Every structure is written in structure tokens, then in C-alpha cells.
>>> print(open('work06.txt').read())   # compact mmCIF, C-alpha atoms and all ligand atoms
# COMPACT_ATOMS: atom_id res chain seq x y z
CA MET A 1 106.87 100.95 124.78
CA THR A 2 103.90 100.49 127.12
CA PHE A 3 100.47 101.34 125.77
CA ASP A 4 99.29 104.77 126.89
CA PRO A 5 95.81 105.64 125.56
CA ALA A 6 96.39 109.34 126.18
CA ARG A 7 99.35 109.23 123.78
CA THR A 8 97.77 107.02 121.13
CA VAL A 9 95.97 108.13 117.97
CA LEU A 10 93.93 105.92 115.66
CA LEU A 11 94.44 106.42 111.92
CA LEU A 12 91.31 104.85 110.42
CA ASN A 13 90.68 104.38 106.72
CA GLY A 14 87.37 103.22 105.33
CA PRO A 15 86.18 101.39 102.24
CA ASN A 16 88.34 101.12 99.13
CA LEU A 17 91.22 103.05 100.69
CA ASN A 18 93.22 99.81 100.84
CA LEU A 19 93.52 100.34 97.05
CA LEU A 20 95.31 103.69 97.40
CA GLY A 21 98.16 103.93 94.93
CA THR A 22 96.31 102.23 92.10
CA ARG A 23 92.70 103.42 92.56
CA ASP A 24 91.85 106.44 90.39
CA PRO A 25 95.29 108.13 90.65
CA ALA A 26 93.91 111.37 89.16
CA GLN A 27 91.81 111.80 92.34
CA TYR A 28 93.87 110.00 94.95
CA GLY A 29 97.49 110.02 93.68
CA THR A 30 99.93 107.12 93.58
CA VAL A 31 101.02 106.85 97.22
CA THR A 32 99.91 103.55 98.78
CA LEU A 33 98.06 103.18 102.08
CA THR A 34 101.13 101.51 103.60
CA GLU A 35 103.22 104.55 102.67
CA VAL A 36 100.60 106.90 104.11
CA GLU A 37 100.56 104.90 107.35
CA GLU A 38 104.36 104.99 107.56
CA ARG A 39 104.40 108.77 107.07
CA VAL A 40 101.75 109.39 109.71
CA LYS A 41 103.43 107.00 112.17
CA ALA A 42 106.76 108.82 111.63
CA LEU A 43 105.09 112.18 112.24
CA GLY A 44 103.49 110.70 115.35
CA THR A 45 106.92 109.71 116.67
CA GLU A 46 108.13 113.27 116.06
CA LEU A 47 105.11 114.64 117.94
CA GLY A 48 105.38 112.12 120.78
CA VAL A 49 102.39 109.88 120.06
CA GLU A 50 101.91 106.35 118.84
CA VAL A 51 99.75 106.03 115.73
CA VAL A 52 97.76 102.79 115.44
CA CYS A 53 96.57 102.15 111.87
CA ALA A 54 93.42 100.35 110.76
CA GLN A 55 91.52 99.95 107.51
CA THR A 56 88.19 98.27 106.95
CA ASN A 57 85.73 98.03 104.10
CA SER A 58 82.74 97.55 106.38
CA GLU A 59 80.56 100.06 108.20
CA GLY A 60 80.35 97.96 111.38
CA GLY A 61 84.13 97.59 111.33
CA MET A 62 84.51 101.38 111.27
CA VAL A 63 82.13 101.70 114.23
CA ASP A 64 84.04 99.03 116.19
CA HIS A 65 87.39 100.75 115.58
CA ILE A 66 85.97 104.10 116.70
CA HIS A 67 84.62 102.54 119.91
CA ARG A 68 88.01 100.97 120.59
CA ALA A 69 89.65 104.41 120.44
CA ARG A 70 87.05 106.19 122.55
CA HIS A 71 89.48 107.05 125.35
CA TRP A 72 92.54 107.61 123.15
CA ALA A 73 94.03 111.01 122.30
CA GLY A 74 92.11 111.17 119.02
CA VAL A 75 91.09 109.66 115.72
CA VAL A 76 92.11 110.70 112.20
CA MET A 77 89.52 109.15 109.93
CA ASN A 78 88.93 108.95 106.22
CA PRO A 79 85.43 107.45 106.13
CA GLY A 80 85.47 107.13 102.32
CA ALA A 81 81.94 106.96 100.92
CA TYR A 82 80.46 106.30 104.40
CA ALA A 83 80.91 110.03 105.07
CA HIS A 84 78.10 110.70 102.63
CA TYR A 85 75.42 108.54 104.22
CA SER A 86 76.38 106.49 107.29
CA ILE A 87 74.32 107.62 110.27
CA ALA A 88 75.81 104.71 112.26
CA LEU A 89 79.28 106.17 111.73
CA ARG A 90 78.10 109.66 112.63
CA ASP A 91 76.53 108.35 115.84
CA ALA A 92 79.76 106.53 116.75
CA VAL A 93 81.81 109.71 116.26
CA GLU A 94 79.33 111.70 118.32
CA ALA A 95 79.30 109.08 121.10
CA ILE A 96 83.01 109.09 121.93
CA GLU A 97 85.13 111.38 124.08
CA ALA A 98 88.14 111.46 121.77
CA PRO A 99 88.24 114.18 119.11
CA VAL A 100 87.87 112.95 115.52
CA VAL A 101 89.29 114.74 112.49
CA GLU A 102 87.80 113.77 109.12
CA VAL A 103 90.13 113.63 106.13
CA HIS A 104 89.31 113.37 102.43
CA ILE A 105 92.19 113.09 100.01
CA SER A 106 90.28 114.63 97.12
CA ASN A 107 88.38 117.90 97.07
CA VAL A 108 84.95 116.33 97.43
CA TYR A 109 83.30 119.70 96.75
CA ALA A 110 84.79 119.81 93.26
CA ARG A 111 83.33 116.38 92.44
CA GLU A 112 79.87 114.79 92.03
CA GLU A 113 77.09 116.38 94.03
CA PHE A 114 76.51 113.30 96.19
CA ARG A 115 80.03 113.83 97.60
CA HIS A 116 79.16 117.36 98.77
CA THR A 117 77.19 115.96 101.70
CA SER A 118 78.98 114.65 104.76
CA VAL A 119 76.75 113.35 107.54
CA THR A 120 79.83 113.00 109.75
CA ALA A 121 81.21 116.55 109.24
CA PRO A 122 78.83 118.24 111.74
CA VAL A 123 80.09 116.04 114.60
CA VAL A 124 83.86 116.02 113.95
CA ALA A 125 86.42 118.26 115.65
CA GLY A 126 87.99 119.19 112.32
CA TYR A 127 87.76 118.53 108.58
CA VAL A 128 90.47 118.40 105.90
CA ALA A 129 89.71 117.86 102.19
CA GLY A 130 91.52 118.33 98.91
CA CYS A 131 95.09 118.33 100.25
CA GLY A 132 95.96 114.91 98.85
CA VAL A 133 97.49 112.36 101.20
CA PHE A 134 99.26 115.25 103.01
CA GLY A 135 95.81 115.79 104.55
CA TYR A 136 96.46 112.85 106.89
CA GLU A 137 99.50 114.62 108.36
CA LEU A 138 97.46 117.81 108.74
CA GLY A 139 94.77 115.69 110.37
CA LEU A 140 97.21 114.29 112.93
CA ARG A 141 98.49 117.76 113.84
CA ALA A 142 94.92 119.06 114.10
CA VAL A 143 93.63 116.20 116.25
CA LEU A 144 96.53 116.60 118.70
CA ARG A 145 95.80 120.32 118.98
CA ARG A 146 92.15 119.52 119.70
CA ALA A 147 93.17 116.88 122.28
CA ALA A 148 95.39 119.43 124.07
CA GLU A 149 92.54 121.99 124.11
CA HIS A 150 90.20 119.31 125.44
CA ARG A 151 92.53 118.55 128.38
CA SER A 152 93.11 122.20 129.37
C1 LIG B 201 87.29 110.05 99.72
C2 LIG B 201 86.14 110.76 99.00
C3 LIG B 201 84.88 109.89 98.98
O1 LIG B 201 83.85 110.55 98.29
C4 LIG B 201 85.17 108.57 98.29
O2 LIG B 201 84.03 107.75 98.33
C5 LIG B 201 86.38 107.88 98.83
C6 LIG B 201 87.55 108.68 99.12
C7 LIG B 201 88.60 110.88 99.65
O3 LIG B 201 89.51 110.54 100.38
O4 LIG B 201 88.70 111.82 98.86
O5 LIG B 201 86.39 106.67 98.97
O6 LIG B 201 86.96 109.90 101.09
>>> encode(input="work06.txt", output="C-alpha cells")
Amino acid sequence: MTFDPARTVLLLNGPNLNLLGTRDPAQYGTVTLTEVEERVKALGTELGVEVVCAQTNSEGGMVDHIHRARHWAGVVMNPGAYAHYSIALRDAVEAIEAPVVEVHISNVYAREEFRHTSVTAPVVAGYVAGCGVFGYELGLRAVLRRAAEHRS
């Protein structure tokens, strides 16, 4: 399949999400990141897009991945803890053309107060939290809807 940016979505996971499956299962469940990526890729195939997956534990790495996807159909991003304080990540999201949907597996609003703030939320095209890993599939559907609206 030839690479078509208009039919490619980035699934980006931030710090500590490589440990999904074993990290705090009461909050994040037991599904691994590899399984999540497989599910979202399969949904992408159903919906006619290629899903490119990336995970990084560094802030600069997140920014670089977002820049790389700036002309793609969209980005589904779980920024992890960077959501709560990374202005660099917020600026990257704001700077790109592609719509970004933010996903949090847990209901951050039912947790510690420092998780109630998202500096990225005001600049994303959509926000999903508290739906478990199913939130990534919702995120993909939402970002494709936003991309279609953007084109029309
Ligand atoms: C998280 C919520 C964040 O507060 C936390 O730092 C994470 C995961 C979530 O998916 O629920 O790493 O983004």
C-alpha cells in the first residue's frame, strides 16, 4: 500500500503507557499497548485508513511525532501526565493542521486534583476520558469525523 497522508492517522501514546497491561490495572485495565494498537489498526482498516502507532516517554519525542503527522488525517493521542502540564505539547497540537483527539483511559476527573487540569484539552478537536482502552477506538472514529468536517 502506498503512503497517503490524507488516509493516515497517528496513534500516539505518551509516558508510561508502554506499561499498559501491568501498570495499575485498577485504573488502566489489563490490555497491553500492543493489543490496543492492534485493535485500533484493525478499526482503521475497517474505516479505510492506515493507523501508524508510536509511543514515547519523552516530551520532545511527543512533539516530534506530532510534527511528523501535521499533514495527516489526524492524531489520536494519550499524552499521559504531559496533558497536565506540558505547554510544549499544547503548542505542538495548536501548531498543526491535522485534528487531534485526546484520550485518557481513566476518568481523570474522578482521580487526584492535579489530573483535573489538561493544558492540551483547550486546543484539541475532541476529548475522551474514562472509557477504558475502548476510548482509543472512540478517538479514531471522532478524529475521522473531524477530518471529514475539516475537508468539507
Ligand atoms: C492517563 C491519565 C494521566 O493522568 C496519567 O498520568 C497517565 C494515563 C490515562 O490514560 O488515564 O499516564 O493519561
>>> residues_near_ligand(input="work06.txt", ligand="ligand LIG 201 (chain B)", cutoff="8 Å", atoms="only C-alpha atoms and all ligand atoms", output="PyMOL selection string")
chain A and resi 14-17+27-28+78-84+103-108+115+129-130+132
>>> residues_near_point(input="work06.txt", point="(100.7, 104.4, 125.0)", cutoff="12 Å", atoms="all atoms listed in the file", output="list in words")
Met1, Thr2, Phe3, Asp4, Pro5, Ala6, Arg7, Thr8, Val9, Leu10, Gly44, Thr45, Gly48, Val49, Glu50, Val51, Val52, Ala69, His71, Trp72 and Ala73 of chain A
>>> residues_around(input="work06.txt", residues="A:Gly21", least_positions_apart="4", cutoff="9 Å", atoms="all atoms listed in the file", output="list in words")
Pro25, Tyr28, Gly29, Thr30, Val31, Thr32 and Leu33 of chain A
>>> closest_residue(input="work06.txt", among="A:Arg151, A:Val133, A:Thr120, A:Met62", to="A:Glu97", atoms="all atoms listed in the file")
A:Arg151
>>> atom_distance(input="work06.txt", atom1="atom CA of A:Ala110", atom2="atom CA of A:Cys131")
12.5 Å
>>> closest_residue(input="work06.txt", among="A:Val119, A:Ala26, A:Val75, A:Val40", to="A:Leu144", atoms="all atoms listed in the file")
A:Val75
>>> build_atoms(input="work06.txt", residues="stretch 67-78 of chain A", atoms="all heavy atoms", output="PDB file, in the frame of the given file")
ATOM      1  N   HIS A  67      84.891 102.858 118.492  1.00  0.00           N
ATOM      2  CA  HIS A  67      84.620 102.540 119.910  1.00  0.00           C
ATOM      3  C   HIS A  67      85.908 102.180 120.638  1.00  0.00           C
ATOM      4  O   HIS A  67      86.125 102.603 121.774  1.00  0.00           O
ATOM      5  CB  HIS A  67      83.640 101.364 120.012  1.00  0.00           C
ATOM      6  CG  HIS A  67      82.253 101.714 119.609  1.00  0.00           C
ATOM      7  ND1 HIS A  67      81.234 100.804 119.600  1.00  0.00           N
ATOM      8  CD2 HIS A  67      81.704 102.884 119.170  1.00  0.00           C
ATOM      9  CE1 HIS A  67      80.109 101.386 119.195  1.00  0.00           C
ATOM     10  NE2 HIS A  67      80.375 102.639 118.925  1.00  0.00           N
ATOM     11  N   ARG A  68      86.756 101.415 119.967  1.00  0.00           N
ATOM     12  CA  ARG A  68      88.010 100.970 120.590  1.00  0.00           C
ATOM     13  C   ARG A  68      88.875 102.173 120.986  1.00  0.00           C
ATOM     14  O   ARG A  68      89.598 102.132 121.981  1.00  0.00           O
ATOM     15  CB  ARG A  68      88.765 100.084 119.581  1.00  0.00           C
ATOM     16  CG  ARG A  68      90.114  99.572 120.038  1.00  0.00           C
ATOM     17  CD  ARG A  68      90.598  98.418 119.180  1.00  0.00           C
ATOM     18  NE  ARG A  68      90.962  98.842 117.834  1.00  0.00           N
ATOM     19  CZ  ARG A  68      92.199  98.805 117.338  1.00  0.00           C
ATOM     20  NH1 ARG A  68      93.193  98.362 118.075  1.00  0.00           N
ATOM     21  NH2 ARG A  68      92.451  99.187 116.114  1.00  0.00           N
ATOM     22  N   ALA A  69      88.784 103.245 120.205  1.00  0.00           N
ATOM     23  CA  ALA A  69      89.650 104.410 120.440  1.00  0.00           C
ATOM     24  C   ALA A  69      88.955 105.487 121.272  1.00  0.00           C
ATOM     25  O   ALA A  69      89.451 106.614 121.355  1.00  0.00           O
ATOM     26  CB  ALA A  69      90.067 104.991 119.088  1.00  0.00           C
ATOM     27  N   ARG A  70      87.857 105.124 121.932  1.00  0.00           N
ATOM     28  CA  ARG A  70      87.050 106.190 122.550  1.00  0.00           C
ATOM     29  C   ARG A  70      87.758 106.958 123.651  1.00  0.00           C
ATOM     30  O   ARG A  70      87.427 108.126 123.893  1.00  0.00           O
ATOM     31  CB  ARG A  70      85.685 105.675 123.007  1.00  0.00           C
ATOM     32  CG  ARG A  70      85.692 104.647 124.124  1.00  0.00           C
ATOM     33  CD  ARG A  70      84.276 104.095 124.296  1.00  0.00           C
ATOM     34  NE  ARG A  70      84.158 103.163 125.392  1.00  0.00           N
ATOM     35  CZ  ARG A  70      84.503 101.863 125.305  1.00  0.00           C
ATOM     36  NH1 ARG A  70      84.990 101.380 124.182  1.00  0.00           N
ATOM     37  NH2 ARG A  70      84.372 101.073 126.340  1.00  0.00           N
ATOM     38  N   HIS A  71      88.749 106.323 124.302  1.00  0.00           N
ATOM     39  CA  HIS A  71      89.480 107.050 125.350  1.00  0.00           C
ATOM     40  C   HIS A  71      90.911 107.378 124.928  1.00  0.00           C
ATOM     41  O   HIS A  71      91.752 107.683 125.767  1.00  0.00           O
ATOM     42  CB  HIS A  71      89.495 106.233 126.654  1.00  0.00           C
ATOM     43  CG  HIS A  71      88.127 105.946 127.187  1.00  0.00           C
ATOM     44  ND1 HIS A  71      87.202 106.932 127.437  1.00  0.00           N
ATOM     45  CD2 HIS A  71      87.506 104.782 127.493  1.00  0.00           C
ATOM     46  CE1 HIS A  71      86.087 106.387 127.878  1.00  0.00           C
ATOM     47  NE2 HIS A  71      86.234 105.082 127.916  1.00  0.00           N
ATOM     48  N   TRP A  72      91.194 107.283 123.645  1.00  0.00           N
ATOM     49  CA  TRP A  72      92.540 107.610 123.150  1.00  0.00           C
ATOM     50  C   TRP A  72      92.634 109.124 122.931  1.00  0.00           C
ATOM     51  O   TRP A  72      91.660 109.866 123.096  1.00  0.00           O
ATOM     52  CB  TRP A  72      92.818 106.849 121.852  1.00  0.00           C
ATOM     53  CG  TRP A  72      92.861 105.347 122.007  1.00  0.00           C
ATOM     54  CD1 TRP A  72      92.508 104.609 123.112  1.00  0.00           C
ATOM     55  CD2 TRP A  72      93.254 104.398 121.004  1.00  0.00           C
ATOM     56  NE1 TRP A  72      92.672 103.260 122.850  1.00  0.00           N
ATOM     57  CE2 TRP A  72      93.118 103.107 121.567  1.00  0.00           C
ATOM     58  CE3 TRP A  72      93.695 104.503 119.683  1.00  0.00           C
ATOM     59  CZ2 TRP A  72      93.436 101.942 120.853  1.00  0.00           C
ATOM     60  CZ3 TRP A  72      94.004 103.355 118.966  1.00  0.00           C
ATOM     61  CH2 TRP A  72      93.882 102.083 119.553  1.00  0.00           C
ATOM     62  N   ALA A  73      93.836 109.569 122.510  1.00  0.00           N
ATOM     63  CA  ALA A  73      94.030 111.010 122.300  1.00  0.00           C
ATOM     64  C   ALA A  73      93.169 111.527 121.149  1.00  0.00           C
ATOM     65  O   ALA A  73      92.714 112.677 121.183  1.00  0.00           O
ATOM     66  CB  ALA A  73      95.504 111.287 122.015  1.00  0.00           C
ATOM     67  N   GLY A  74      92.937 110.702 120.137  1.00  0.00           N
ATOM     68  CA  GLY A  74      92.110 111.170 119.020  1.00  0.00           C
ATOM     69  C   GLY A  74      92.068 110.159 117.895  1.00  0.00           C
ATOM     70  O   GLY A  74      92.736 109.117 117.933  1.00  0.00           O
ATOM     71  N   VAL A  75      91.257 110.505 116.897  1.00  0.00           N
ATOM     72  CA  VAL A  75      91.090 109.660 115.720  1.00  0.00           C
ATOM     73  C   VAL A  75      91.220 110.534 114.468  1.00  0.00           C
ATOM     74  O   VAL A  75      90.606 111.604 114.394  1.00  0.00           O
ATOM     75  CB  VAL A  75      89.695 108.973 115.710  1.00  0.00           C
ATOM     76  CG1 VAL A  75      89.516 108.117 114.451  1.00  0.00           C
ATOM     77  CG2 VAL A  75      89.472 108.145 116.971  1.00  0.00           C
ATOM     78  N   VAL A  76      92.044 110.075 113.529  1.00  0.00           N
ATOM     79  CA  VAL A  76      92.110 110.700 112.200  1.00  0.00           C
ATOM     80  C   VAL A  76      91.448 109.703 111.268  1.00  0.00           C
ATOM     81  O   VAL A  76      91.907 108.568 111.140  1.00  0.00           O
ATOM     82  CB  VAL A  76      93.573 110.960 111.775  1.00  0.00           C
ATOM     83  CG1 VAL A  76      93.627 111.532 110.367  1.00  0.00           C
ATOM     84  CG2 VAL A  76      94.274 111.875 112.776  1.00  0.00           C
ATOM     85  N   MET A  77      90.347 110.119 110.649  1.00  0.00           N
ATOM     86  CA  MET A  77      89.520 109.150 109.930  1.00  0.00           C
ATOM     87  C   MET A  77      89.201 109.618 108.522  1.00  0.00           C
ATOM     88  O   MET A  77      88.738 110.741 108.326  1.00  0.00           O
ATOM     89  CB  MET A  77      88.209 109.010 110.731  1.00  0.00           C
ATOM     90  CG  MET A  77      87.055 108.452 109.974  1.00  0.00           C
ATOM     91  SD  MET A  77      85.511 108.474 110.942  1.00  0.00           S
ATOM     92  CE  MET A  77      84.847 110.082 110.527  1.00  0.00           C
ATOM     93  N   ASN A  78      89.479 108.731 107.559  1.00  0.00           N
ATOM     94  CA  ASN A  78      88.930 108.950 106.220  1.00  0.00           C
ATOM     95  C   ASN A  78      87.800 107.936 106.050  1.00  0.00           C
ATOM     96  O   ASN A  78      88.051 106.746 105.846  1.00  0.00           O
ATOM     97  CB  ASN A  78      89.987 108.755 105.132  1.00  0.00           C
ATOM     98  CG  ASN A  78      89.437 109.072 103.749  1.00  0.00           C
ATOM     99  OD1 ASN A  78      88.224 109.147 103.552  1.00  0.00           O
ATOM    100  ND2 ASN A  78      90.333 109.257 102.785  1.00  0.00           N
TER     101      ASN A  78
END
